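Next up, model27.cif (mmCIF, C-alpha atoms):
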```cif
data_target
loop_
_atom_site.label_atom_id
_atom_site.label_comp_id
_atom_site.auth_asym_id
_atom_site.auth_seq_id
_atom_site.Cartn_x
_atom_site.Cartn_y
_atom_site.Cartn_z
CA MET A 1 115.40 85.85 -34.50
CA LEU A 2 113.37 84.74 -37.51
CA ILE A 3 113.44 81.09 -38.57
CA VAL A 4 112.69 80.71 -42.27
CA LYS A 5 112.20 77.44 -44.12
CA LYS A 6 111.44 76.56 -47.70
CA THR A 7 107.90 77.58 -48.66
CA GLU A 8 105.95 75.64 -51.26
CA LYS A 9 103.20 78.12 -52.12
CA LEU A 10 101.81 81.56 -51.33
CA GLU A 11 98.14 82.31 -51.82
CA GLY A 12 95.52 84.78 -50.65
CA TYR A 13 95.13 88.52 -50.15
CA ALA A 14 97.37 91.02 -48.40
CA CYS A 15 97.22 94.77 -47.85
CA ALA A 16 100.34 96.83 -48.37
CA PRO A 17 101.09 98.72 -45.15
CA PRO A 18 100.56 102.49 -45.15
CA SER A 19 103.41 104.54 -46.58
CA LYS A 20 106.14 105.41 -44.10
CA SER A 21 107.27 108.41 -46.15
CA TYR A 22 103.78 109.87 -46.38
CA THR A 23 103.00 109.21 -42.72
CA HIS A 24 106.15 111.03 -41.54
CA ARG A 25 105.45 114.09 -43.63
CA ALA A 26 101.73 114.19 -42.92
CA VAL A 27 102.00 113.99 -39.13
CA ILE A 28 104.81 116.56 -39.03
CA ALA A 29 102.90 118.95 -41.32
CA ALA A 30 99.79 118.46 -39.17
CA SER A 31 101.83 119.17 -36.04
CA MET A 32 102.78 122.57 -37.45
CA SER A 33 99.21 123.48 -38.44
CA ASP A 34 96.69 125.90 -36.98
CA GLY A 35 94.07 123.45 -35.66
CA GLU A 36 93.17 119.78 -35.51
CA SER A 37 94.02 117.45 -38.36
CA LYS A 38 93.20 113.79 -38.76
CA ILE A 39 95.73 111.41 -40.31
CA LEU A 40 93.75 108.50 -41.75
CA ASN A 41 95.40 105.08 -42.21
CA PRO A 42 98.77 106.10 -40.71
CA LEU A 43 101.66 103.67 -40.39
CA ASN A 44 101.92 102.70 -36.73
CA SER A 45 105.61 101.87 -36.92
CA ALA A 46 108.54 102.67 -34.67
CA ASP A 47 109.93 105.23 -37.12
CA CYS A 48 106.64 107.09 -37.52
CA LEU A 49 106.03 107.06 -33.78
CA SER A 50 109.44 108.73 -33.44
CA SER A 51 108.02 111.56 -35.53
CA VAL A 52 104.93 111.64 -33.28
CA ASN A 53 107.17 111.95 -30.21
CA GLY A 54 109.24 114.70 -31.83
CA CYS A 55 106.12 116.63 -32.84
CA GLU A 56 104.85 116.50 -29.27
CA MET A 57 108.21 117.74 -28.00
CA LEU A 58 107.74 120.77 -30.28
CA GLY A 59 104.33 121.62 -28.88
CA ALA A 60 101.79 119.57 -30.85
CA LYS A 61 99.32 117.17 -29.28
CA VAL A 62 98.90 113.79 -30.98
CA ASP A 63 96.27 111.21 -30.08
CA TYR A 64 97.56 108.00 -31.69
CA ARG A 65 95.64 105.49 -29.57
CA SER A 66 93.64 104.46 -32.64
CA GLU A 67 95.59 102.60 -35.30
CA ASP A 68 93.26 103.92 -38.01
CA ILE A 69 93.13 107.64 -37.18
CA TRP A 70 95.65 109.92 -35.52
CA LYS A 71 94.25 113.22 -34.24
CA VAL A 72 96.82 116.00 -34.31
CA VAL A 73 96.41 119.43 -32.72
CA GLY A 74 99.13 121.59 -34.23
CA ASN A 75 101.38 124.18 -32.61
CA ASN A 76 99.99 126.90 -34.91
CA ASN A 77 103.23 127.32 -36.92
CA SER A 78 105.13 128.11 -33.72
CA PRO A 79 107.06 125.13 -32.34
CA THR A 80 107.89 125.36 -28.64
CA THR A 81 111.29 124.87 -27.08
CA PRO A 82 111.61 121.18 -26.14
CA GLU A 83 111.60 120.33 -22.44
CA ASN A 84 114.08 117.54 -23.07
CA ILE A 85 116.32 116.01 -25.72
CA ILE A 86 114.39 114.79 -28.78
CA ASP A 87 115.21 111.09 -29.22
CA VAL A 88 114.36 109.98 -32.78
CA GLY A 89 115.25 106.33 -32.20
CA ASN A 90 116.27 104.87 -35.57
CA SER A 91 114.40 107.38 -37.73
CA GLY A 92 116.62 109.40 -40.04
CA THR A 93 113.58 111.08 -41.59
CA THR A 94 112.48 112.36 -38.19
CA LEU A 95 115.96 113.61 -37.32
CA ARG A 96 116.39 115.49 -40.56
CA ILE A 97 112.96 117.08 -40.91
CA LEU A 98 112.75 118.18 -37.28
CA THR A 99 116.27 119.59 -37.39
CA GLY A 100 115.06 121.93 -40.12
CA LEU A 101 111.98 122.97 -38.14
CA CYS A 102 113.78 123.61 -34.84
CA PRO A 103 115.05 127.07 -35.87
CA HIS A 104 111.44 128.23 -35.54
CA ILE A 105 111.34 127.69 -31.76
CA LYS A 106 110.93 131.05 -30.01
CA ASN A 107 114.07 130.87 -27.89
CA GLY A 108 116.62 128.43 -26.55
CA TYR A 109 118.04 125.30 -28.09
CA ALA A 110 116.79 121.96 -29.35
CA ILE A 111 118.95 118.85 -29.05
CA LEU A 112 118.22 115.85 -31.28
CA THR A 113 119.79 112.41 -31.14
CA GLY A 114 118.96 108.76 -31.70
CA ASP A 115 120.30 105.23 -31.56
CA SER A 116 123.82 104.15 -32.49
CA SER A 117 122.92 103.91 -36.19
CA ILE A 118 121.43 107.41 -36.24
CA ARG A 119 124.51 108.80 -34.51
CA ARG A 120 126.61 107.63 -37.46
CA ARG A 121 124.42 108.96 -40.27
CA PRO A 122 125.56 112.14 -42.06
CA MET A 123 123.97 115.49 -41.21
CA GLY A 124 126.71 117.79 -42.48
CA PRO A 125 124.97 119.09 -45.63
CA LEU A 126 121.83 120.07 -43.69
CA LEU A 127 123.81 121.73 -40.90
CA ASP A 128 125.80 123.68 -43.49
CA ALA A 129 122.55 124.74 -45.20
CA LEU A 130 121.09 126.02 -41.93
CA ASN A 131 124.34 127.88 -41.20
CA GLN A 132 124.07 129.53 -44.62
CA LEU A 133 120.62 130.78 -43.60
CA GLY A 134 122.02 132.34 -40.43
CA ILE A 135 120.97 129.57 -38.02
CA GLU A 136 123.27 128.21 -35.34
CA ALA A 137 123.16 124.45 -35.88
CA PHE A 138 125.98 122.01 -35.24
CA SER A 139 127.02 118.52 -34.26
CA SER A 140 127.93 118.16 -30.59
CA LYS A 141 130.87 116.02 -31.75
CA PHE A 142 131.82 118.49 -34.52
CA ASP A 143 131.81 115.63 -37.03
CA GLY A 144 128.49 116.24 -38.78
CA THR A 145 126.58 113.53 -36.92
CA ALA A 146 124.04 113.47 -34.07
CA PRO A 147 123.61 114.63 -31.37
CA ILE A 148 122.56 117.80 -33.20
CA ILE A 149 122.10 121.15 -31.45
CA VAL A 150 119.95 123.87 -33.03
CA LYS A 151 119.39 127.37 -31.67
CA GLY A 152 116.08 129.08 -32.38
CA GLY A 153 116.38 132.14 -34.61
CA LYS A 154 115.30 133.88 -37.80
CA PHE A 155 116.48 132.98 -41.27
CA ILE A 156 118.73 135.87 -42.31
CA ASN A 157 119.59 134.89 -45.88
CA ASN A 158 117.14 133.80 -48.56
CA THR A 159 119.31 131.58 -50.77
CA VAL A 160 120.73 128.24 -49.69
CA LYS A 161 122.95 125.88 -51.66
CA ILE A 162 122.98 122.17 -50.86
CA ARG A 163 124.21 119.01 -52.53
CA GLY A 164 121.59 116.49 -53.61
CA ASP A 165 123.58 113.26 -53.89
CA ILE A 166 123.66 112.07 -50.25
CA SER A 167 120.07 112.31 -49.03
CA SER A 168 116.97 114.03 -50.35
CA GLN A 169 115.82 114.25 -46.72
CA PHE A 170 118.08 117.27 -46.25
CA ILE A 171 116.16 119.07 -48.99
CA THR A 172 112.79 117.89 -47.66
CA SER A 173 113.77 119.41 -44.31
CA LEU A 174 114.43 122.80 -45.90
CA MET A 175 111.26 122.57 -47.98
CA MET A 176 109.18 122.06 -44.84
CA SER A 177 110.93 124.86 -42.92
CA LEU A 178 111.56 127.73 -45.34
CA PRO A 179 107.86 128.51 -46.05
CA LEU A 180 107.70 129.86 -42.47
CA SER A 181 110.49 132.35 -43.18
CA GLU A 182 109.56 136.03 -43.40
CA ASN A 183 111.23 136.23 -46.81
CA ASP A 184 110.93 134.38 -50.10
CA SER A 185 113.75 131.87 -50.58
CA GLU A 186 115.48 129.52 -52.98
CA ILE A 187 117.05 126.10 -52.51
CA ILE A 188 119.78 125.57 -55.13
CA ILE A 189 120.90 121.97 -55.70
CA THR A 190 124.66 121.87 -56.39
CA SER A 191 125.12 118.23 -57.40
CA PRO A 192 123.11 115.55 -59.21
CA LEU A 193 119.87 115.00 -57.32
CA LYS A 194 119.20 111.47 -56.10
CA SER A 195 116.00 110.03 -54.61
CA SER A 196 114.09 112.90 -56.23
CA PRO A 197 110.66 111.14 -56.02
CA TYR A 198 110.79 111.67 -52.26
CA LEU A 199 110.76 115.42 -52.92
CA ASP A 200 107.66 114.95 -55.07
CA ILE A 201 106.08 113.20 -52.07
CA THR A 202 107.09 116.14 -49.85
CA MET A 203 105.51 118.68 -52.19
CA ASP A 204 102.40 116.53 -52.53
CA VAL A 205 101.89 116.41 -48.76
CA LEU A 206 102.73 120.09 -48.26
CA ASN A 207 100.22 121.08 -50.88
CA LYS A 208 97.48 119.36 -48.86
CA PHE A 209 98.45 121.52 -45.85
CA ARG A 210 98.35 124.68 -48.03
CA ILE A 211 102.11 125.08 -48.43
CA SER A 212 103.25 125.87 -51.98
CA ILE A 213 106.68 125.19 -53.50
CA LYS A 214 107.77 125.67 -57.10
CA LYS A 215 110.37 123.52 -58.80
CA GLU A 216 112.56 124.96 -61.57
CA GLU A 217 115.32 122.73 -62.97
CA SER A 218 117.95 122.51 -60.21
CA LYS A 219 116.26 124.76 -57.67
CA PHE A 220 113.13 125.13 -55.56
CA ILE A 221 111.42 128.51 -55.12
CA ILE A 222 109.53 129.09 -51.89
CA ASP A 223 107.31 132.01 -50.94
CA GLY A 224 107.75 133.27 -47.40
CA ASN A 225 105.12 133.95 -44.73
CA GLN A 226 103.18 130.78 -45.52
CA LYS A 227 101.18 128.95 -42.85
CA TYR A 228 100.42 125.29 -42.34
CA THR A 229 96.64 124.79 -42.38
CA SER A 230 94.97 121.83 -40.68
CA THR A 231 93.29 119.22 -42.84
CA ASN A 232 92.32 115.55 -42.91
CA TYR A 233 94.86 113.42 -44.75
CA SER A 234 94.60 109.80 -45.93
CA VAL A 235 97.87 107.85 -46.23
CA GLU A 236 98.31 105.56 -49.23
CA GLY A 237 99.98 102.13 -49.30
CA ASP A 238 103.76 101.78 -49.31
CA TYR A 239 105.47 100.43 -52.44
CA SER A 240 108.80 100.03 -50.63
CA SER A 241 107.29 97.57 -48.16
CA ALA A 242 105.10 95.96 -50.81
CA SER A 243 108.20 95.17 -52.87
CA TYR A 244 108.89 92.18 -50.59
CA LEU A 245 105.39 90.80 -51.15
CA ILE A 246 105.75 91.37 -54.88
CA SER A 247 109.16 89.70 -55.10
CA ALA A 248 107.95 86.73 -53.04
CA GLY A 249 104.97 86.29 -55.36
CA VAL A 250 107.12 86.58 -58.46
CA LEU A 251 109.70 84.03 -57.28
CA LEU A 252 107.52 81.42 -55.55
CA ASN A 253 104.60 79.32 -56.64
CA SER A 254 101.88 81.86 -55.89
CA ASP A 255 98.36 83.10 -56.38
CA ILE A 256 98.24 86.35 -54.42
CA THR A 257 96.59 89.75 -54.60
CA ILE A 258 98.15 92.82 -52.99
CA LYS A 259 95.78 95.67 -52.17
CA ASN A 260 96.16 99.36 -51.26
CA LEU A 261 98.75 100.28 -53.90
CA PHE A 262 97.72 103.35 -55.91
CA LYS A 263 98.49 102.99 -59.60
CA ASN A 264 99.32 106.70 -60.01
CA SER A 265 101.30 107.09 -56.80
CA LYS A 266 104.17 109.58 -56.70
CA GLN A 267 106.33 107.05 -54.82
CA GLY A 268 109.54 106.33 -56.66
CA ASP A 269 109.49 102.74 -55.46
CA ARG A 270 106.44 102.14 -57.66
CA ALA A 271 109.25 101.30 -60.12
CA ILE A 272 109.27 97.78 -58.65
CA ILE A 273 106.34 97.03 -60.97
CA ASP A 274 108.32 97.98 -64.08
CA ILE A 275 111.43 96.20 -62.80
CA VAL A 276 109.78 92.80 -62.31
CA LYS A 277 107.93 93.18 -65.62
CA GLU A 278 111.17 93.96 -67.44
CA MET A 279 112.70 90.87 -65.82
CA GLY A 280 109.85 88.76 -67.20
CA ALA A 281 107.07 88.69 -64.58
CA ASP A 282 103.60 88.96 -66.11
CA ILE A 283 101.90 90.54 -63.11
CA LYS A 284 98.52 92.29 -63.44
CA VAL A 285 98.05 95.85 -62.16
CA ASN A 286 94.64 97.42 -61.61
CA ASN A 287 93.74 100.74 -59.98
CA ASP A 288 94.89 99.81 -56.48
CA THR A 289 95.63 96.08 -56.59
CA ILE A 290 98.34 93.83 -57.99
CA LYS A 291 97.64 90.23 -59.01
CA ILE A 292 100.54 87.76 -59.11
CA ASN A 293 100.57 84.13 -60.28
CA GLY A 294 104.17 82.99 -59.91
CA PRO A 295 106.70 81.71 -60.34
CA TYR A 296 108.04 83.50 -63.42
CA ASN A 297 111.29 82.86 -65.26
CA LEU A 298 113.26 86.04 -64.67
CA GLU A 299 116.17 87.44 -66.64
CA GLY A 300 118.83 89.77 -65.29
CA ILE A 301 118.66 93.47 -66.17
CA ASP A 302 120.53 96.69 -65.43
CA VAL A 303 118.83 98.93 -62.85
CA ASP A 304 119.66 102.57 -62.11
CA VAL A 305 118.79 103.03 -58.41
CA LYS A 306 119.50 106.76 -58.23
CA ASP A 307 115.87 107.46 -57.31
CA ILE A 308 114.97 104.10 -55.72
CA PRO A 309 117.66 103.31 -53.11
CA ASP A 310 115.27 101.43 -50.83
CA LEU A 311 114.63 98.84 -53.54
CA VAL A 312 118.25 97.69 -53.66
CA PRO A 313 117.83 94.69 -51.29
CA THR A 314 114.72 93.57 -53.20
CA ILE A 315 116.47 93.84 -56.57
CA ALA A 316 119.46 91.93 -55.19
CA VAL A 317 117.16 89.06 -54.27
CA LEU A 318 115.41 89.10 -57.65
CA GLY A 319 118.75 89.14 -59.46
CA THR A 320 120.02 86.19 -57.44
CA PHE A 321 117.18 84.03 -58.79
CA ALA A 322 117.25 85.41 -62.34
CA GLU A 323 118.99 84.05 -65.42
CA GLY A 324 122.17 85.91 -66.30
CA THR A 325 123.50 89.12 -64.81
CA THR A 326 121.71 91.88 -62.92
CA ARG A 327 123.59 95.14 -62.44
CA ILE A 328 122.62 97.71 -59.83
CA TYR A 329 124.31 101.07 -60.37
CA ASN A 330 124.19 104.75 -59.37
CA GLY A 331 123.59 103.71 -55.77
CA GLU A 332 126.53 105.05 -53.77
CA HIS A 333 124.02 106.82 -51.48
CA VAL A 334 122.68 103.38 -50.50
CA ARG A 335 125.73 103.07 -48.26
CA TYR A 336 124.35 105.81 -45.98
CA LYS A 337 121.11 104.10 -44.94
CA GLU A 338 120.54 102.15 -41.71
CA CYS A 339 123.69 100.35 -42.74
CA ASP A 340 125.85 100.05 -45.84
CA ARG A 341 123.27 98.05 -47.78
CA LEU A 342 125.56 97.36 -50.74
CA MET A 343 128.11 95.73 -48.48
CA ALA A 344 125.45 93.91 -46.46
CA CYS A 345 123.61 92.46 -49.46
CA ALA A 346 126.81 91.15 -51.00
CA LYS A 347 128.31 89.77 -47.80
CA GLU A 348 125.21 88.08 -46.40
CA LEU A 349 123.65 86.69 -49.58
CA ASN A 350 127.01 85.29 -50.66
CA LYS A 351 126.93 83.22 -47.46
CA MET A 352 123.87 81.50 -48.94
CA GLY A 353 125.62 80.73 -52.20
CA ALA A 354 124.80 83.87 -54.16
CA LYS A 355 127.35 85.38 -56.53
CA ILE A 356 127.33 89.10 -55.82
CA LYS A 357 130.19 91.51 -56.36
CA GLU A 358 130.29 94.95 -54.80
CA THR A 359 131.18 97.97 -56.91
CA LYS A 360 131.69 101.57 -55.80
CA ASP A 361 128.10 102.48 -56.57
CA GLY A 362 126.25 99.19 -56.84
CA LEU A 363 126.23 95.43 -57.19
CA ILE A 364 126.89 92.90 -59.96
CA ILE A 365 124.73 89.83 -59.42
CA GLU A 366 125.18 86.57 -61.29
CA GLY A 367 121.98 84.56 -61.05
CA VAL A 368 122.37 81.22 -59.30
CA LYS A 369 118.67 80.29 -58.78
CA LYS A 370 119.51 78.12 -55.77
CA LEU A 371 120.56 79.09 -52.26
CA LYS A 372 121.26 77.21 -49.06
CA GLY A 373 119.98 78.25 -45.66
CA CYS A 374 122.38 79.74 -43.11
CA LYS A 375 122.55 82.35 -40.35
CA LEU A 376 122.34 85.93 -41.59
CA GLU A 377 123.16 89.25 -39.97
CA THR A 378 120.90 92.17 -40.80
CA TYR A 379 122.76 95.05 -39.09
CA HIS A 380 119.45 96.10 -37.48
CA ASP A 381 118.19 97.07 -40.95
CA HIS A 382 114.48 96.43 -41.48
CA ARG A 383 114.77 96.18 -45.26
CA LEU A 384 117.45 93.51 -45.04
CA VAL A 385 115.32 91.41 -42.68
CA MET A 386 112.45 91.40 -45.18
CA ALA A 387 114.58 90.85 -48.28
CA PHE A 388 116.55 88.01 -46.67
CA THR A 389 113.27 86.39 -45.57
CA ILE A 390 112.33 85.98 -49.24
CA CYS A 391 115.66 84.25 -49.89
CA GLY A 392 115.10 81.94 -46.93
CA MET A 393 111.69 80.93 -48.28
CA LEU A 394 113.40 79.72 -51.46
CA ALA A 395 116.57 78.27 -49.96
CA GLU A 396 117.28 74.66 -49.11
CA GLY A 397 117.38 74.03 -45.38
CA GLU A 398 116.84 76.52 -42.58
CA THR A 399 117.70 80.22 -42.60
CA ILE A 400 118.13 82.12 -39.33
CA ILE A 401 117.73 85.89 -39.56
CA ASN A 402 118.85 88.04 -36.64
CA ASN A 403 117.18 91.21 -35.36
CA GLU A 404 113.73 90.40 -36.74
CA GLU A 405 112.25 93.09 -34.49
CA SER A 406 113.67 95.85 -36.71
CA VAL A 407 110.78 95.32 -39.16
CA ARG A 408 108.73 97.41 -36.72
CA ILE A 409 110.39 100.42 -38.31
CA SER A 410 108.37 100.17 -41.53
CA PHE A 411 106.24 96.97 -41.69
CA PRO A 412 105.26 96.03 -38.12
CA ASN A 413 103.08 93.05 -39.10
CA PHE A 414 105.39 91.71 -41.82
CA VAL A 415 105.70 88.26 -40.25
CA GLU A 416 101.93 87.93 -39.73
CA VAL A 417 101.18 89.03 -43.29
CA MET A 418 103.69 86.58 -44.77
CA ARG A 419 102.44 83.74 -42.60
CA GLY A 420 98.89 84.58 -43.65
CA LEU A 421 99.93 84.00 -47.26
CA GLY A 422 101.50 80.65 -46.38
CA ALA A 423 105.14 81.52 -45.66
CA ASN A 424 106.97 78.92 -43.56
CA ILE A 425 108.44 81.35 -41.05
CA GLU A 426 108.33 81.80 -37.28
CA VAL A 427 109.82 84.09 -34.65
CA LYS A 428 111.88 82.58 -31.83
#
```
Have the structure of the file written as structure tokens, please.
Amino acid sequence: MLIVKKTEKLEGYACAPPSKSYTHRAVIAASMSDGESKILNPLNSADCLSSVNGCEMLGAKVDYRSEDIWKVVGNNNSPTTPENIIDVGNSGTTLRILTGLCPHIKNGYAILTGDSSIRRRPMGPLLDALNQLGIEAFSSKFDGTAPIIVKGGKFINNTVKIRGDISSQFITSLMMSLPLSENDSEIIITSPLKSSPYLDITMDVLNKFRISIKKEESKFIIDGNQKYTSTNYSVEGDYSSASYLISAGVLLNSDITIKNLFKNSKQGDRAIIDIVKEMGADIKVNNDTIKINGPYNLEGIDVDVKDIPDLVPTIAVLGTFAEGTTRIYNGEHVRYKECDRLMACAKELNKMGAKIKETKDGLIIEGVKKLKGCKLETYHDHRLVMAFTICGMLAEGETIINNEESVRISFPNFVEVMRGLGANIEVK
């Protein structure tokens, strides 16, 4: 558990951890390539190591002994039949992308599963999409959740329709798989697309590995007979993880500088900069650093989280300490993450004295500015651990946060980084 007490000041420098989204895509693309690639500055987190394990099960060789450089020898666009079940742990990204690549095994079946959270997360739209393409892919429980079974085979059809309002990861999976088809293909999105910046990240990474995809309104056009080509790829800093450092700096007495955040990043969660500025934080942004001298007097705003679901816990914390009302909306897909984050934010922060009301697709937060420490459940969700830590640093008394170890999923050294800035926190 994490013990958090009121923190008087944060000061110093911190590096944002490497991007989880970019690391996943880069190592998987490298694993499909025709030679050796080097992934520079990868995120050595539990989730990303799940992708490493899955890539090795499909025939790649990954040397990840160095934290700074992963060397990946690809399977030359021909994944092998796994010798065993692919266990993705808690990584939904790994499960979904590899499910889409498993049809390319030469023969036999691939079975993919994960922890109890993964075995509850929806896979139906992706399974339906693969079935449309002529691939035998199904849930062993026939309920659209893992364990997932995929039979190797050729894509028969060249048009697939899929909804875009549950998870963009389904579409990323198809985008990474269909270029290997013998035929040109189209992905047609049948509902409003949410989390679309993640698809921009996918296309950005694929382009580096010589895979081309065209986007036209509500569809993606993909040429067939493409090949992944090995390359060296440098992973940029992660705005999702940095949002906790930014919110801490904005809310506490602070003099901090956050490095390794690219100003022109394609990450949707770069929106955290605009959000805190709109709320009243006068933070300074340079090419790859952010300078914060808090605290700032924040005012509540309305935030559409359609494309930034991972920022919801951070925004909930900011809204709790802001003047007036903060409304989070267009976030029904946030309920399908590691846990139902809308429910969890409302339930747990209200224990501390927050005033948060759940809606169907978001939260209504009345700023209270003061919280009291208590024991919080995090539902094994890494983002809740980090967001609640910020609340504990501002609350009166002691806050106890369960399942601290889940931060290993995306920000393995979160506690060390926060302590280095002066946070009054410790693991017990």
Near-segment 201-215 of chain A list (8 Å; all atoms listed in the file; drop same-chain fewer than 4 positions) as a PyMOL selection string
chain A and resi 21-22+25-26+29-30+33+172+175-176+179+197+219-223+226-231+233+266-267
Quick one: of A:Cys391, A:Ala248, A:Ile28, A:Ile166, who's nearest to Lys61 of chain A, counting all atoms listed in the file?
A:Ile28
Please write out, as lines of an AutoDock Vina configuration file, where the centre of an axis-aligned box around all listed atoms of segment 131-137 of chain A lies and how long its edges are, in Å to one decimal, after adding 3 Å on each side.
```
center_x = 122.5
center_y = 128.4
center_z = -40.0
size_x = 9.7
size_y = 13.9
size_z = 15.3
```
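Compared by their closest atoms to Glu332 of chain A, and using all atoms listed in the file, the residues A:Val312, A:Leu2, A:Ile365, A:Ile258 rank with A:Val312 nearest.
The space separating atom CA of Ser240 of chain A from atom CA of Ile409 of chain A comes to 12.4 Å.
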Please work out which residues fall within 7 Å of (102.6, 97.7, -51.7), coordinates as given in the file, with all atoms listed in the file counting, and return them as a VMD selection string.
chain A and resid 16 to 17 237 to 243 258 260 to 261
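In this comparison, which uses all atoms listed in the file, the residue of A:Pro309, A:Lys337, A:Val27, A:His382 approaching Gly362 of chain A most closely is A:Pro309.
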Quick one: apply the PyMOL selection byres ((chain A and resi 348) around 10) to the file and drop the selected residues here as a VMD selection string.
chain A and resid 343 to 347 349 to 354 356 374 to 378 384 388
Can you write out the residues you just picked, keeping C-alpha atoms, as a PDB file, in the frame of the given file?
```pdb
ATOM      1  CA  MET A 343     128.110  95.730 -48.480  1.00  0.00           C
ATOM      2  CA  ALA A 344     125.450  93.910 -46.460  1.00  0.00           C
ATOM      3  CA  CYS A 345     123.610  92.460 -49.460  1.00  0.00           C
ATOM      4  CA  ALA A 346     126.810  91.150 -51.000  1.00  0.00           C
ATOM      5  CA  LYS A 347     128.310  89.770 -47.800  1.00  0.00           C
ATOM      6  CA  LEU A 349     123.650  86.690 -49.580  1.00  0.00           C
ATOM      7  CA  ASN A 350     127.010  85.290 -50.660  1.00  0.00           C
ATOM      8  CA  LYS A 351     126.930  83.220 -47.460  1.00  0.00           C
ATOM      9  CA  MET A 352     123.870  81.500 -48.940  1.00  0.00           C
ATOM     10  CA  GLY A 353     125.620  80.730 -52.200  1.00  0.00           C
ATOM     11  CA  ALA A 354     124.800  83.870 -54.160  1.00  0.00           C
ATOM     12  CA  ILE A 356     127.330  89.100 -55.820  1.00  0.00           C
ATOM     13  CA  CYS A 374     122.380  79.740 -43.110  1.00  0.00           C
ATOM     14  CA  LYS A 375     122.550  82.350 -40.350  1.00  0.00           C
ATOM     15  CA  LEU A 376     122.340  85.930 -41.590  1.00  0.00           C
ATOM     16  CA  GLU A 377     123.160  89.250 -39.970  1.00  0.00           C
ATOM     17  CA  THR A 378     120.900  92.170 -40.800  1.00  0.00           C
ATOM     18  CA  LEU A 384     117.450  93.510 -45.040  1.00  0.00           C
ATOM     19  CA  PHE A 388     116.550  88.010 -46.670  1.00  0.00           C
TER      20      PHE A 388
END
```
What does the PyMOL selection byres ((chain A and resi 194) around 8) select in this file, as number ranges by chain?
A: 164-168, 192-193, 195-196, 306-307
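Going from atom CA of Asn75 of chain A to atom CA of Leu40 of chain A covers 19.7 Å.
Counting all atoms listed in the file, the residue from A:Thr93, A:Leu298, A:Asp310, A:Thr399 that sits nearest to Lys369 of chain A is A:Leu298.
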Contacts of Thr23 of chain A at 8 Å (all atoms listed in the file; same-chain gap of 5+ positions) as a count of residues only
6
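Within a radius of 7 Å around (113.2, 129.8, -35.4), the polymer residues are Cys102, Pro103, His104, Ile105, Lys106, Gly152, Gly153 and Lys154 of chain A, counting only C-alpha atoms.
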Write out as a short mmCIF file (atom, residue, chain, number, x, y, z; two decimals) with C-alpha atoms, in the frame of the given file each polymer residue whose atoms come within 9 Å of Ile425 of chain A, counting all atoms listed in the file; drop sequence neighbours fewer than 2 positions from it.
```cif
data_model
loop_
_atom_site.label_atom_id
_atom_site.label_comp_id
_atom_site.auth_asym_id
_atom_site.auth_seq_id
_atom_site.Cartn_x
_atom_site.Cartn_y
_atom_site.Cartn_z
CA LEU A 2 113.37 84.74 -37.51
CA ILE A 3 113.44 81.09 -38.57
CA VAL A 4 112.69 80.71 -42.27
CA LYS A 5 112.20 77.44 -44.12
CA LYS A 6 111.44 76.56 -47.70
CA THR A 7 107.90 77.58 -48.66
CA THR A 389 113.27 86.39 -45.57
CA GLY A 392 115.10 81.94 -46.93
CA MET A 393 111.69 80.93 -48.28
CA VAL A 415 105.70 88.26 -40.25
CA MET A 418 103.69 86.58 -44.77
CA ARG A 419 102.44 83.74 -42.60
CA GLY A 422 101.50 80.65 -46.38
CA ALA A 423 105.14 81.52 -45.66
CA VAL A 427 109.82 84.09 -34.65
#
```
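Close contacts of Ser181 of chain A, defined as residues with an atom at most 7 Å away when counting all atoms listed in the file, with chain neighbours fewer than 2 positions off set aside, comprise A:Phe155, A:Leu178, A:Pro179, A:Asn183, A:Gly224, A:Asn225.
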Since the input is missing atoms, can you rebuild N, CA and C atoms for segment 200-207 of chain A and write them as a PDB file, keeping the file's coordinate frame?
```
ATOM      1  N   ASP A 200     109.019 114.857 -54.522  1.00  0.00           N
ATOM      2  CA  ASP A 200     107.660 114.950 -55.070  1.00  0.00           C
ATOM      3  C   ASP A 200     106.637 114.587 -53.994  1.00  0.00           C
ATOM      4  N   ILE A 201     106.964 113.581 -53.184  1.00  0.00           N
ATOM      5  CA  ILE A 201     106.080 113.200 -52.070  1.00  0.00           C
ATOM      6  C   ILE A 201     105.967 114.373 -51.085  1.00  0.00           C
ATOM      7  N   THR A 202     107.106 115.004 -50.776  1.00  0.00           N
ATOM      8  CA  THR A 202     107.090 116.140 -49.850  1.00  0.00           C
ATOM      9  C   THR A 202     106.184 117.247 -50.368  1.00  0.00           C
ATOM     10  N   MET A 203     106.333 117.606 -51.640  1.00  0.00           N
ATOM     11  CA  MET A 203     105.510 118.680 -52.190  1.00  0.00           C
ATOM     12  C   MET A 203     104.038 118.290 -52.245  1.00  0.00           C
ATOM     13  N   ASP A 204     103.775 117.016 -52.493  1.00  0.00           N
ATOM     14  CA  ASP A 204     102.400 116.530 -52.530  1.00  0.00           C
ATOM     15  C   ASP A 204     101.731 116.694 -51.166  1.00  0.00           C
ATOM     16  N   VAL A 205     102.439 116.286 -50.107  1.00  0.00           N
ATOM     17  CA  VAL A 205     101.890 116.410 -48.760  1.00  0.00           C
ATOM     18  C   VAL A 205     101.750 117.884 -48.370  1.00  0.00           C
ATOM     19  N   LEU A 206     102.780 118.685 -48.622  1.00  0.00           N
ATOM     20  CA  LEU A 206     102.730 120.090 -48.260  1.00  0.00           C
ATOM     21  C   LEU A 206     101.571 120.809 -48.924  1.00  0.00           C
ATOM     22  N   ASN A 207     101.318 120.453 -50.163  1.00  0.00           N
ATOM     23  CA  ASN A 207     100.220 121.080 -50.880  1.00  0.00           C
ATOM     24  C   ASN A 207      98.885 120.860 -50.164  1.00  0.00           C
TER      25      ASN A 207
END
```
